[in-house]
Each structure stands twice: as C-alpha cells, then as structure tokens.
>>> print(open('protein03.tsv').read())   # TSV, C-alpha atoms and all ligand atoms
chain	number	residue	atom	x	y	z
A	1	MET	CA	0.00	0.00	0.00
A	2	ILE	CA	2.44	2.69	1.15
A	3	SER	CA	6.15	2.83	0.30
A	4	GLN	CA	8.76	0.87	2.24
A	5	ASN	CA	10.20	4.13	3.53
A	6	ALA	CA	6.84	5.36	4.83
A	7	LEU	CA	6.12	1.92	6.28
A	8	HIS	CA	9.45	2.01	8.14
A	9	HIS	CA	8.34	5.26	9.83
A	10	ALA	CA	4.89	3.81	10.62
A	11	GLU	CA	6.43	0.69	12.16
A	12	LYS	CA	8.58	2.79	14.49
A	13	CYS	CA	5.78	5.17	15.49
A	14	ARG	CA	3.34	2.37	16.32
A	15	PHE	CA	5.39	1.50	19.44
A	16	CYS	CA	5.79	5.03	20.69
A	17	PHE	CA	3.81	7.49	22.82
A	18	MET	CA	6.45	10.17	23.10
A	19	CYS	CA	4.84	12.91	21.02
A	20	ARG	CA	1.17	12.27	21.77
A	21	HIS	CA	0.92	15.26	24.14
A	22	LEU	CA	1.95	17.57	21.28
A	23	CYS	CA	-0.63	16.57	18.68
A	24	PRO	CA	-3.14	19.44	18.55
A	25	ILE	CA	-5.88	17.16	17.20
A	26	GLN	CA	-5.43	14.54	19.92
A	27	LEU	CA	-5.30	17.29	22.54
A	28	GLN	CA	-8.72	18.56	21.47
A	29	THR	CA	-10.55	15.33	20.64
A	30	GLY	CA	-8.96	13.28	23.42
A	31	LYS	CA	-9.19	10.26	21.12
A	32	GLU	CA	-6.43	7.68	21.11
A	33	ILE	CA	-7.03	7.16	17.38
A	34	ASN	CA	-5.78	10.73	16.82
A	35	THR	CA	-2.27	10.08	18.09
A	36	PRO	CA	0.55	9.66	15.57
A	37	ARG	CA	1.12	6.21	17.11
A	38	ALA	CA	-2.40	5.04	16.28
A	39	LYS	CA	-2.01	6.11	12.67
A	40	GLY	CA	1.25	4.14	12.46
A	41	LEU	CA	-0.46	1.13	14.03
A	42	ILE	CA	-3.29	1.19	11.49
A	43	LEU	CA	-0.88	1.15	8.56
A	44	SER	CA	1.25	-1.55	10.18
A	45	MET	CA	-1.84	-3.76	10.67
A	46	GLU	CA	-2.92	-3.15	7.11
A	47	ASN	CA	0.52	-4.13	5.84
A	48	LYS	CA	0.53	-7.33	7.91
A	49	GLY	CA	-2.91	-8.24	6.61
A	50	THR	CA	-4.54	-8.17	10.05
A	51	ALA	CA	-6.82	-5.26	9.10
A	52	LYS	CA	-8.24	-3.94	5.87
A	53	PHE	CA	-7.81	-0.23	5.16
A	54	ASP	CA	-11.37	1.02	5.14
A	55	ARG	CA	-13.34	4.26	5.16
A	56	ASP	CA	-13.00	4.74	8.95
A	57	MET	CA	-9.23	4.30	8.78
A	58	ALA	CA	-9.08	6.72	5.85
A	59	GLN	CA	-11.06	9.24	7.90
A	60	THR	CA	-8.47	8.93	10.66
A	61	MET	CA	-5.68	9.75	8.23
A	62	TYR	CA	-7.44	13.04	7.45
A	63	GLU	CA	-7.72	13.94	11.15
A	64	CYS	CA	-4.23	15.42	11.03
A	65	LEU	CA	-3.15	18.99	10.29
A	66	ILE	CA	0.24	17.96	8.88
A	67	CYS	CA	1.54	20.52	11.37
A	68	ASP	CA	4.83	18.64	12.01
A	69	ALA	CA	4.63	19.08	15.81
A	70	CYS	CA	5.29	15.34	16.14
A	71	VAL	CA	8.19	15.45	13.69
A	72	ASN	CA	9.75	18.40	15.48
A	73	ASP	CA	9.72	16.59	18.81
A	74	CYS	CA	10.87	13.18	17.61
A	75	ALA	CA	14.28	12.41	19.10
A	76	THR	CA	14.70	9.49	16.70
A	77	GLY	CA	13.82	11.37	13.53
A	78	TYR	CA	10.56	9.69	12.51
A	79	GLN	CA	7.95	11.56	10.50
A	80	PRO	CA	4.26	10.65	10.82
A	81	PRO	CA	3.22	13.07	8.02
A	82	LEU	CA	5.27	10.95	5.61
A	83	PHE	CA	3.03	7.91	6.07
A	84	ILE	CA	-0.12	9.96	6.64
A	85	ARG	CA	0.25	11.66	3.24
A	86	GLU	CA	0.85	8.34	1.50
A	87	ALA	CA	-2.19	6.85	3.23
A	88	ARG	CA	-4.22	9.77	1.87
A	89	THR	CA	-3.01	8.94	-1.64
A	90	GLU	CA	-4.31	5.41	-1.14
A	91	ALA	CA	-7.57	6.66	0.33
A	92	VAL	CA	-8.27	8.83	-2.71
A	93	ALA	CA	-7.12	6.18	-5.19
A	94	ASN	CA	-9.43	3.59	-3.58
A	95	ASP	CA	-12.39	5.94	-3.21
A	96	LEU	CA	-12.22	5.77	0.59
A	97	ALA	CA	-11.52	9.43	1.37
A	98	PRO	CA	-14.21	11.39	3.28
A	99	GLU	CA	-16.86	13.05	1.13
A	100	SER	CA	-15.79	16.49	2.33
A	101	VAL	CA	-12.27	15.81	1.02
A	102	MET	CA	-13.57	14.55	-2.33
A	103	LYS	CA	-15.63	17.72	-2.65
A	104	LEU	CA	-12.49	19.85	-2.26
A	105	LEU	CA	-10.70	17.75	-4.87
A	106	GLU	CA	-13.60	18.31	-7.26
A	107	ASN	CA	-13.33	22.04	-6.56
A	108	VAL	CA	-9.61	22.01	-7.40
A	109	GLU	CA	-10.33	20.22	-10.65
A	110	ALA	CA	-13.12	22.64	-11.59
A	111	THR	CA	-11.62	25.96	-10.51
A	112	GLY	CA	-7.99	25.39	-9.53
A	113	ASN	CA	-8.65	26.10	-5.84
A	114	ILE	CA	-10.30	24.32	-2.92
A	115	TYR	CA	-13.09	26.89	-2.64
A	116	GLY	CA	-14.67	26.07	-6.00
A	117	ALA	CA	-14.97	29.77	-6.86
A	118	GLU	CA	-13.11	31.98	-9.26
A	119	LYS	CA	-9.91	33.14	-7.56
A	120	PRO	CA	-9.94	36.95	-7.24
A	121	SER	CA	-7.11	38.56	-9.18
A	122	PHE	CA	-4.57	40.97	-7.70
A	123	ALA	CA	-2.78	41.25	-11.05
A	124	ARG	CA	-0.48	44.22	-11.54
A	125	GLU	CA	2.71	45.06	-13.34
A	126	GLY	CA	5.94	45.63	-11.43
A	127	LYS	CA	9.66	45.44	-12.06
A	128	ASP	CA	11.32	44.67	-8.71
A	129	VAL	CA	9.69	41.51	-7.32
A	130	LEU	CA	6.90	39.05	-8.05
A	131	VAL	CA	4.41	38.62	-5.21
A	132	TYR	CA	2.70	35.23	-4.98
A	133	VAL	CA	-0.62	35.80	-3.19
A	134	GLY	CA	-1.93	32.21	-2.99
A	135	GLU	CA	-5.50	30.93	-2.95
A	136	VAL	CA	-6.28	31.31	0.76
A	137	ALA	CA	-5.41	35.00	0.91
A	138	ALA	CA	-7.01	35.68	-2.48
A	139	CYS	CA	-10.29	33.90	-1.69
A	140	LYS	CA	-10.65	34.28	2.08
A	141	VAL	CA	-8.29	36.93	3.46
A	142	PRO	CA	-7.99	39.49	0.63
A	143	LYS	CA	-7.29	42.36	3.04
A	144	MET	CA	-3.98	40.72	3.98
A	145	ALA	CA	-2.93	40.51	0.32
A	146	GLU	CA	-3.98	44.11	-0.34
A	147	SER	CA	-2.08	45.27	2.73
A	148	LEU	CA	1.12	43.48	1.74
A	149	LEU	CA	0.96	45.04	-1.73
A	150	LYS	CA	0.24	48.49	-0.25
A	151	LEU	CA	3.13	48.11	2.17
A	152	LEU	CA	5.52	47.24	-0.66
A	153	GLU	CA	4.27	50.24	-2.63
A	154	GLN	CA	4.87	52.53	0.36
A	155	ALA	CA	8.39	51.08	0.67
A	156	GLY	CA	9.11	51.93	-2.98
A	157	VAL	CA	9.07	48.30	-4.16
A	158	SER	CA	7.48	47.79	-7.56
A	159	ALA	CA	5.62	44.47	-7.22
A	160	LYS	CA	4.18	42.36	-10.00
A	161	VAL	CA	1.34	39.87	-9.41
A	162	LEU	CA	0.49	37.26	-12.05
A	163	GLU	CA	-2.76	37.40	-13.96
A	164	ASN	CA	-4.51	34.05	-13.35
A	165	GLU	CA	-2.01	33.04	-10.66
A	166	PRO	CA	-1.72	29.20	-10.80
A	167	GLY	CA	-2.03	27.08	-7.64
A	168	SER	CA	1.17	26.05	-5.87
A	169	GLY	CA	0.14	22.42	-5.26
A	170	ALA	CA	0.24	22.87	-1.47
A	171	MET	CA	-3.48	22.23	-1.02
A	172	LEU	CA	-3.57	19.26	-3.36
A	173	ALA	CA	-0.53	17.74	-1.62
A	174	ASP	CA	-2.30	17.91	1.75
A	175	LEU	CA	-5.44	16.37	0.28
A	176	MET	CA	-3.92	13.49	-1.69
A	177	GLY	CA	-0.16	13.37	-1.11
A	178	TYR	CA	2.71	14.16	-3.45
A	179	VAL	CA	1.12	12.70	-6.58
A	180	ASP	CA	1.74	13.51	-10.25
A	181	GLU	CA	-1.05	16.11	-10.28
A	182	VAL	CA	0.81	18.09	-7.62
A	183	ALA	CA	4.07	17.95	-9.60
A	184	GLN	CA	2.13	19.15	-12.65
A	185	GLU	CA	0.76	22.14	-10.70
A	186	ALA	CA	4.31	22.87	-9.54
A	187	LYS	CA	5.62	22.89	-13.11
A	188	THR	CA	2.83	25.18	-14.30
A	189	LEU	CA	3.52	27.69	-11.54
A	190	ALA	CA	7.31	27.47	-11.88
A	191	ASN	CA	7.03	28.13	-15.63
A	192	ALA	CA	4.77	31.14	-15.01
A	193	ILE	CA	7.19	32.56	-12.43
A	194	ASN	CA	10.25	31.93	-14.60
A	195	ALA	CA	8.58	33.62	-17.59
A	196	THR	CA	8.49	36.92	-15.66
A	197	GLY	CA	12.30	37.01	-15.52
A	198	LEU	CA	12.11	38.57	-12.06
A	199	LYS	CA	14.82	37.61	-9.58
A	200	THR	CA	12.76	37.51	-6.37
A	201	VAL	CA	9.41	35.89	-5.52
A	202	VAL	CA	7.83	37.16	-2.32
A	203	VAL	CA	5.42	34.47	-1.08
A	204	LEU	CA	2.62	35.62	1.21
A	205	ASP	CA	1.56	32.19	2.49
A	206	SER	CA	4.30	30.13	4.14
A	207	TYR	CA	2.49	26.92	3.10
A	208	ASP	CA	3.06	27.91	-0.54
A	209	ALA	CA	6.65	28.92	0.22
A	210	GLU	CA	7.31	25.52	1.76
A	211	ILE	CA	6.30	23.46	-1.25
A	212	MET	CA	8.11	25.81	-3.65
A	213	LYS	CA	11.36	25.69	-1.69
A	214	GLN	CA	11.28	22.08	-0.47
A	215	ARG	CA	9.68	20.11	-3.30
A	216	TYR	CA	9.74	21.84	-6.67
A	217	ALA	CA	13.34	21.05	-7.64
A	218	ALA	CA	12.85	17.30	-7.17
A	219	TRP	CA	9.96	17.44	-9.67
A	220	GLY	CA	12.01	19.31	-12.30
A	221	ALA	CA	10.05	22.46	-11.49
A	222	GLU	CA	12.94	24.70	-10.48
A	223	ILE	CA	12.11	28.32	-9.81
A	224	HIS	CA	15.00	30.43	-11.09
A	225	ALA	CA	14.21	33.36	-8.81
A	226	GLN	CA	14.98	33.50	-5.10
A	227	VAL	CA	11.88	32.46	-3.13
A	228	VAL	CA	11.47	34.45	0.10
A	229	THR	CA	8.69	34.51	2.66
A	230	ALA	CA	6.79	37.80	2.78
A	231	THR	CA	7.55	38.04	6.50
A	232	GLN	CA	11.30	37.89	5.87
A	233	TYR	CA	11.02	40.37	3.01
A	234	VAL	CA	9.02	42.91	5.03
A	235	SER	CA	11.32	42.48	8.02
A	236	ASP	CA	14.31	43.26	5.76
A	237	LEU	CA	12.52	46.39	4.50
A	238	LEU	CA	11.99	47.46	8.12
A	239	LYS	CA	15.67	46.93	8.89
A	240	ALA	CA	16.62	48.94	5.78
A	241	GLY	CA	14.44	51.84	6.97
A	242	LYS	CA	12.12	51.54	3.96
A	243	ILE	CA	9.08	51.06	6.20
A	244	ALA	CA	8.57	53.48	9.09
A	245	PRO	CA	7.67	51.96	12.50
A	246	LYS	CA	4.37	52.99	14.06
A	247	ALA	CA	3.98	54.74	17.38
A	248	SER	CA	3.40	52.58	20.44
A	249	LEU	CA	-0.17	51.26	20.70
A	250	ALA	CA	0.23	50.64	24.43
A	251	LYS	CA	-1.20	47.21	23.68
A	252	LYS	CA	0.22	43.76	24.36
A	253	GLY	CA	0.26	41.20	21.58
A	254	ALA	CA	1.62	37.67	21.15
A	255	CYS	CA	2.92	36.38	17.83
A	256	HIS	CA	1.57	33.08	16.55
A	257	ASP	CA	4.30	31.10	14.77
A	258	ASP	CA	2.43	29.31	11.98
A	259	ASP	CA	3.25	25.66	11.30
A	260	ARG	CA	5.51	26.29	8.32
A	261	LEU	CA	7.46	29.26	9.68
A	262	ALA	CA	7.81	27.38	12.97
A	263	ARG	CA	8.88	23.96	11.78
A	264	THR	CA	9.98	24.20	8.14
A	265	PHE	CA	11.79	27.51	8.02
A	266	TYR	CA	12.56	28.05	11.74
A	267	GLU	CA	11.76	31.68	11.00
A	268	PHE	CA	10.82	33.45	14.25
A	269	GLU	CA	12.31	36.92	14.35
A	270	PRO	CA	10.70	38.57	11.27
A	271	ILE	CA	7.11	38.47	12.60
A	272	ARG	CA	8.33	39.73	15.96
A	273	GLU	CA	10.14	42.61	14.23
A	274	MET	CA	6.94	43.36	12.33
A	275	ALA	CA	4.89	43.26	15.54
A	276	LYS	CA	7.23	45.65	17.36
A	277	ALA	CA	7.25	48.00	14.37
A	278	ALA	CA	3.44	47.92	14.35
A	279	GLY	CA	3.52	49.33	17.90
A	280	PHE	CA	2.80	46.23	19.97
A	281	GLU	CA	4.45	45.38	23.24
A	282	LEU	CA	5.39	41.74	22.78
A	283	VAL	CA	4.58	38.94	25.18
A	284	GLU	CA	5.09	35.26	24.39
A	285	MET	CA	2.77	32.30	24.60
A	286	PHE	CA	4.23	29.27	26.38
A	287	ASN	CA	4.17	27.13	23.22
A	288	LYS	CA	6.11	29.32	20.85
A	289	GLU	CA	8.56	29.12	17.95
A	290	ARG	CA	9.31	25.47	17.06
A	291	LEU	CA	6.92	24.31	19.79
A	292	ALA	CA	4.08	26.60	18.69
A	293	LYS	CA	0.75	24.81	18.84
A	294	SER	CA	-1.06	24.74	15.49
A	295	CYS	CA	-4.29	26.71	15.13
A	296	GLY	CA	-5.33	24.69	12.06
A	297	SER	CA	-4.86	25.15	8.34
A	298	ALA	CA	-7.16	26.40	5.61
A	299	VAL	CA	-7.55	23.03	3.95
A	300	THR	CA	-8.41	21.22	7.19
A	301	LEU	CA	-10.82	24.03	8.09
A	302	ALA	CA	-12.52	23.41	4.75
A	303	TYR	CA	-12.99	19.64	5.17
A	304	MET	CA	-13.33	19.20	8.97
A	305	PRO	CA	-14.43	22.59	10.36
A	306	ASN	CA	-15.67	21.22	13.69
A	307	ILE	CA	-12.31	19.78	14.68
A	308	VAL	CA	-10.38	22.82	13.44
A	309	LEU	CA	-12.61	25.12	15.51
A	310	LYS	CA	-11.56	23.12	18.57
A	311	VAL	CA	-7.91	23.30	17.52
A	312	ALA	CA	-8.14	27.08	17.09
A	313	SER	CA	-9.74	27.29	20.54
A	314	GLY	CA	-6.74	25.40	21.88
A	315	ARG	CA	-4.46	28.10	20.51
A	316	TRP	CA	-6.68	30.81	21.95
A	317	SER	CA	-6.41	29.14	25.35
A	318	ASP	CA	-2.63	29.60	25.08
A	319	LEU	CA	-3.18	33.31	24.48
A	320	LEU	CA	-5.64	33.58	27.36
A	321	ARG	CA	-2.88	32.45	29.71
A	322	THR	CA	-0.89	35.58	28.80
A	323	GLU	CA	-1.59	39.28	29.31
A	324	ALA	CA	-1.89	39.84	25.56
A	325	GLN	CA	-4.99	41.45	24.12
A	326	ALA	CA	-4.22	40.34	20.58
A	327	ILE	CA	-2.82	37.37	18.72
A	328	LEU	CA	-0.60	38.56	15.89
A	329	THR	CA	-0.12	36.73	12.61
A	330	ALA	CA	1.19	37.34	9.10
A	331	ASN	CA	-0.17	34.09	7.67
A	332	PRO	CA	-3.54	34.02	5.87
A	333	GLN	CA	-4.31	30.43	6.93
A	334	SER	CA	-3.68	31.16	10.61
A	335	TYR	CA	-5.69	34.39	10.34
A	336	LEU	CA	-8.58	32.46	8.79
A	337	CYS	CA	-8.60	29.76	11.49
A	338	LEU	CA	-8.10	32.10	14.45
A	339	THR	CA	-10.87	34.48	13.37
A	340	GLN	CA	-13.45	31.64	13.52
A	341	ASN	CA	-13.87	31.88	17.29
A	342	VAL	CA	-12.29	34.98	18.82
A	343	PRO	CA	-12.73	35.12	22.62
A	344	GLU	CA	-14.52	38.18	23.97
A	345	GLY	CA	-12.19	41.13	24.42
A	346	LYS	CA	-9.44	39.63	22.21
A	347	GLU	CA	-8.56	40.23	18.58
A	348	VAL	CA	-6.60	38.74	15.71
A	349	VAL	CA	-4.25	41.23	14.07
A	350	ASP	CA	-2.97	40.90	10.51
A	351	LEU	CA	0.53	42.36	10.80
A	352	TYR	CA	0.66	43.65	7.21
A	353	SER	CA	-2.48	45.73	7.78
A	354	ALA	CA	-1.10	46.90	11.13
A	355	LEU	CA	2.05	48.24	9.45
A	356	ILE	CA	0.33	50.40	6.83
B	1	LIG	S1	7.18	10.74	15.59
B	1	LIG	FE1	8.77	9.99	17.00
B	1	LIG	S2	7.98	10.54	19.03
B	1	LIG	FE2	6.20	10.58	17.63
B	1	LIG	S3	5.30	8.49	17.67
B	1	LIG	FE3	6.79	8.54	15.97
B	1	LIG	S4	8.70	7.73	16.88
B	1	LIG	FE4	7.37	8.39	18.60
B	2	LIG	S1	1.38	16.31	12.03
B	2	LIG	FE1	0.40	17.44	13.74
B	2	LIG	S2	-1.75	16.87	13.66
B	2	LIG	FE2	-0.63	15.33	12.45
B	2	LIG	S3	-0.15	13.64	13.84
B	2	LIG	FE3	1.62	15.06	13.88
B	2	LIG	S4	1.21	16.44	15.60
B	2	LIG	FE4	-0.77	15.43	15.10
>>> encode(input="protein03.tsv", output="structure tokens")
Amino acid sequence: MISQNALHHAEKCRFCFMCRHLCPIQLQTGKEINTPRAKGLILSMENKGTAKFDRDMAQTMYECLICDACVNDCATGYQPPLFIREARTEAVANDLAPESVMKLLENVEATGNIYGAEKPSFAREGKDVLVYVGEVAACKVPKMAESLLKLLEQAGVSAKVLENEPGSGAMLADLMGYVDEVAQEAKTLANAINATGLKTVVVLDSYDAEIMKQRYAAWGAEIHAQVVTATQYVSDLLKAGKIAPKASLAKKGACHDDDRLARTFYEFEPIREMAKAAGFELVEMFNKERLAKSCGSAVTLAYMPNIVLKVASGRWSDLLRTEAQAILTANPQSYLCLTQNVPEGKEVVDLYSALI
C-alpha cells in the first residue's frame, strides 16, 4: 500500500507514545485514534494483513493537520506526516476518502482552488519583485494581500502579481499526497514565475513557500528566482528603513508562529520585528517558535471545520494564559482559522495591515 520508507516510519511510530501530548488534534478530541502512534499502528496492521484499510481508517488519516509538531519533537527522527500523506493517496485512489475531502478535490479540478470559486485577481505590473498571493489570501483573506501590496508600494518596491495566478500544489498535496497532479501544478507555476524574468518571488503564504522551496526542484520544477517569505522580506525592509515603524499602541500582543514558519523555516524573528514595528508590546505564549501549537490550516478548516474550531480554541487558550490582548499573525491560513472563534475582548491582528 504505502512505500517501504513510509512503512518504516509507521512501524517505528506504532510503538511510541512520546509525542502524543503535542498533537493538537489529539489534545482537542482526546481520542487515542488521533495520536501519531495510532495512525502508524493502522498502517502496520494493514501491511501485515490483520486489518483492511477502510473508510474509517481513511477518515483517521485526514484527522491530522500535517503541522509537524510530532516530527519536530521526535528524538529518533521519525515523520508521521510521511506515512499519513501516503495513506491519503491510497484513500483517494481507492475511493475511501471522506466526502468532504472529495468535494475539495472536485473544486480544485473545476476551478484550480479548494473553494470552487473563481480566484480573485490581484494582477499588476511591477519590475522589482513578483508577489505570490496564494489561494487562501485571495479567496478568504484578501485584506492581507492588499495590505502586503500596499506596504511594498509605500516602501518603494514595484511588485508584479500574475494574472490568473496558478495554484502552488500545497493544497492538493495535503489532500492526496505528493502525486503527479501536484508535480504538474508545480511545473505550471514554476514556468509562469520563470517567464516573468524577475529575480525575487515574495510568497505571502508560508504553506506555498514551503512546497516551492522544499519540493519543486525534485519534480524538475525549479524556480530560477529566489523564493522568500513575505515576513522575511518585510522584516528586511523594516531593517533597511524603507518602512517606518508605528507609534506605540500601548497594547500587548503575542505572535503566533504558523506551522511552516515554525517547523519548516525556523523563522521566528521577522514576525516579531513586524509586531514591534506595528507598535505592539510583545509577550510570548508558552508554546512558541518550534513548539508553537497549530491553530489549524485552511484546507483542514474546509474539510473538517468542527475539529479545526476546537484546535483554534486550543491556541486561543494559550493566548488567554498571557496578558496579551491580541494574537498577531502574518499568515492568511492562521488568520482564517483564528478568526473563527475569537474570545470576547481579544482580537486577531494581521501584521501587514497593522504596518500600513
Ligand atoms: S514521531 Fe517519533 S515521538 Fe512521535 S510516535 Fe513517531 S517515533 Fe514516537
Ligand atoms: S502532524 Fe500534527 S496533527 Fe498530524 S499527527 Fe503530527 S502532531 Fe498530530
């Protein structure tokens, strides 16, 4: 069913409880089946022929945010998302994936994005950098995209945005693993980026930045330009004095390190520099940086909203244990999840909008 490499990881995880306390899904549902160990055990049983991979098991494989909290904590280097993604490939191939997942896949096929609607365009001409907006910001958090573009304009950066911006493959890869369709999306986007001839791509959504930087080359979809996260780019503009800091707001805020900045890029300082420049007095949540608890992702919010609402509440409970009035983010997916259930008296702040 899954590859020998993925099976090797599953076989090791099935014996182990060491990261169960870190899984944001297990923490909220309290179900043993939601631990990384249980997912490894299911695939091990299936491989040994003692259980048949069925619809319920497939459902379990989708009750994971692919947040990498387990991977980050694993002293022995095992990676549950490796076998979870491959199990999703099998689930889709064998028509066992949950209906809500299949609906999103149909949406991608029909419109190129998980929302099944025409992706709003932010197209513009520019000569310094290409900005990649991504489908979550474009469809669900357009203010964040507009604010980033406005901020670049104020800093004197001439930014281009593609007409009909292709998908990055990040959503499809979470829904059905690293299959050929994802590689094809990667090639289409890489070709579109390369055709601009621009030397820098500023990527608003760290989930898109991850797949571009970590996966594209292996699929022959090299991006010739330098790919940088928008947070790093804006932080560099702040350091260069191209963006003026705001006056103090006399307000405490805590930065949320999104899953990809926290555990793919280990990028922590840029959002804190942005938060300070926006006038916030910084406090920290207990689970921060590489240990930051996930608040959910856009794709999981789309196919299992009830669980993701609980996960976002779990992140809010971290904030409620601090003196902060606001949770601060520069990621459209985190913004989308956190704004689903804001506790009374608290707010979610989009750091690009706060810097304008
Ligand atoms: S990822 Fe590591 S810590 Fe977590 S279950 Fe697997 S082997 Fe254990
Ligand atoms: S990737 Fe995140 S959600 Fe999935 S099993 Fe690991 S800790 Fe849990």
>>> residues_around(input="protein03.tsv", residues="Pro98 (chain A)", least_positions_apart="5", cutoff="9 Å", atoms="only C-alpha atoms", output="PyMOL selection string")
chain A and resi 55-56+58-59+62+91-92+103+303
>>> residues_near_ligand(input="protein03.tsv", ligand="ligand LIG 2 (chain B)", cutoff="9 Å", atoms="all atoms listed in the file", output="PyMOL selection string")
chain A and resi 19-27+34-37+39+61-72+79-81+84+293-294+296
>>> residues_near_point(input="protein03.tsv", point="(7.6, 33.6, -0.4)", cutoff="10 Å", atoms="all atoms listed in the file", output="short mmCIF file (atom, residue, chain, number, x, y, z; two decimals) with C-alpha atoms, in the frame of the given file")
data_model
loop_
_atom_site.label_atom_id
_atom_site.label_comp_id
_atom_site.auth_asym_id
_atom_site.auth_seq_id
_atom_site.Cartn_x
_atom_site.Cartn_y
_atom_site.Cartn_z
CA LEU A 130 6.90 39.05 -8.05
CA VAL A 131 4.41 38.62 -5.21
CA TYR A 132 2.70 35.23 -4.98
CA VAL A 133 -0.62 35.80 -3.19
CA GLY A 134 -1.93 32.21 -2.99
CA THR A 200 12.76 37.51 -6.37
CA VAL A 201 9.41 35.89 -5.52
CA VAL A 202 7.83 37.16 -2.32
CA VAL A 203 5.42 34.47 -1.08
CA LEU A 204 2.62 35.62 1.21
CA ASP A 205 1.56 32.19 2.49
CA SER A 206 4.30 30.13 4.14
CA TYR A 207 2.49 26.92 3.10
CA ASP A 208 3.06 27.91 -0.54
CA ALA A 209 6.65 28.92 0.22
CA GLU A 210 7.31 25.52 1.76
CA MET A 212 8.11 25.81 -3.65
CA LYS A 213 11.36 25.69 -1.69
CA GLN A 226 14.98 33.50 -5.10
CA VAL A 227 11.88 32.46 -3.13
CA VAL A 228 11.47 34.45 0.10
CA THR A 229 8.69 34.51 2.66
CA ALA A 230 6.79 37.80 2.78
CA THR A 231 7.55 38.04 6.50
CA GLN A 232 11.30 37.89 5.87
CA TYR A 233 11.02 40.37 3.01
#
>>> atom_distance(input="protein03.tsv", atom1="CA of Pro142 (chain A)", atom2="CA of Asp180 (chain A)")
29.8 Å
>>> closest_residue(input="protein03.tsv", among="A:Ile193, A:Ala326, A:Ala110, A:Cys295", to="Ala312 (chain A)", atoms="only C-alpha atoms")
A:Cys295
>>> closest_residue(input="protein03.tsv", among="A:Asp73, A:Glu267, A:Asp258, A:Glu284", to="ligand LIG 1 (chain B)", atoms="all atoms listed in the file")
A:Asp73
>>> closest_residue(input="protein03.tsv", among="A:Ala292, A:Ala225, A:Leu338, A:Phe53", to="Leu309 (chain A)", atoms="all atoms listed in the file")
A:Leu338
>>> closest_residue(input="protein03.tsv", among="A:Leu198, A:Leu328, A:Val108, A:Met144", to="Ser168 (chain A)", atoms="all atoms listed in the file")
A:Val108
>>> closest_residue(input="protein03.tsv", among="A:Leu172, A:Met45, A:Thr50, A:Ala38", to="Arg88 (chain A)", atoms="all atoms listed in the file")
A:Leu172
>>> axis_aligned_box(input="protein03.tsv", around="ligand LIG 1 (chain B)", padding_each_side="4 Å", output="lines of an AutoDock Vina configuration file")
center_x = 7.0
center_y = 9.2
center_z = 17.3
size_x = 11.5
size_y = 11.0
size_z = 11.4
>>> atom_distance(input="protein03.tsv", atom1="CA of Ala195 (chain A)", atom2="CA of Gly126 (chain A)")
13.8 Å
>>> build_atoms(input="protein03.tsv", residues="region 212-228 of chain A", atoms="N, CA and C atoms", output="compact mmCIF listing (two decimals), in the frame of the given file")
# COMPACT_ATOMS: atom_id res chain seq x y z
N MET A 212 7.22 25.27 -2.60
CA MET A 212 8.11 25.81 -3.65
C MET A 212 9.58 25.55 -3.31
N LYS A 213 9.94 25.78 -2.07
CA LYS A 213 11.36 25.69 -1.69
C LYS A 213 11.80 24.26 -1.41
N GLN A 214 10.87 23.42 -0.90
CA GLN A 214 11.28 22.08 -0.47
C GLN A 214 11.05 21.00 -1.52
N ARG A 215 10.10 21.22 -2.43
CA ARG A 215 9.68 20.11 -3.30
C ARG A 215 9.89 20.34 -4.79
N TYR A 216 9.80 21.59 -5.23
CA TYR A 216 9.74 21.84 -6.67
C TYR A 216 10.95 21.27 -7.43
N ALA A 217 12.13 21.45 -6.90
CA ALA A 217 13.34 21.05 -7.64
C ALA A 217 13.32 19.56 -7.94
N ALA A 218 12.86 18.75 -6.98
CA ALA A 218 12.85 17.30 -7.17
C ALA A 218 11.89 16.89 -8.30
N TRP A 219 10.93 17.74 -8.60
CA TRP A 219 9.96 17.44 -9.67
C TRP A 219 10.38 18.07 -11.00
N GLY A 220 11.59 18.62 -11.08
CA GLY A 220 12.01 19.31 -12.30
C GLY A 220 11.27 20.60 -12.51
N ALA A 221 10.81 21.21 -11.40
CA ALA A 221 10.05 22.46 -11.49
C ALA A 221 10.84 23.58 -10.79
N GLU A 222 12.10 23.69 -11.14
CA GLU A 222 12.94 24.70 -10.48
C GLU A 222 12.43 26.10 -10.72
N ILE A 223 12.40 26.89 -9.67
CA ILE A 223 12.11 28.32 -9.81
C ILE A 223 13.46 29.02 -9.86
N HIS A 224 13.69 29.81 -10.92
CA HIS A 224 15.00 30.43 -11.09
C HIS A 224 15.21 31.60 -10.14
N ALA A 225 14.11 32.22 -9.73
CA ALA A 225 14.21 33.36 -8.81
C ALA A 225 14.44 32.88 -7.39
N GLN A 226 14.87 33.81 -6.53
CA GLN A 226 14.98 33.50 -5.10
C GLN A 226 13.57 33.55 -4.49
N VAL A 227 13.20 32.50 -3.77
CA VAL A 227 11.88 32.46 -3.13
C VAL A 227 12.05 32.91 -1.67
N VAL A 228 11.37 33.97 -1.30
CA VAL A 228 11.47 34.45 0.10
C VAL A 228 10.07 34.56 0.70
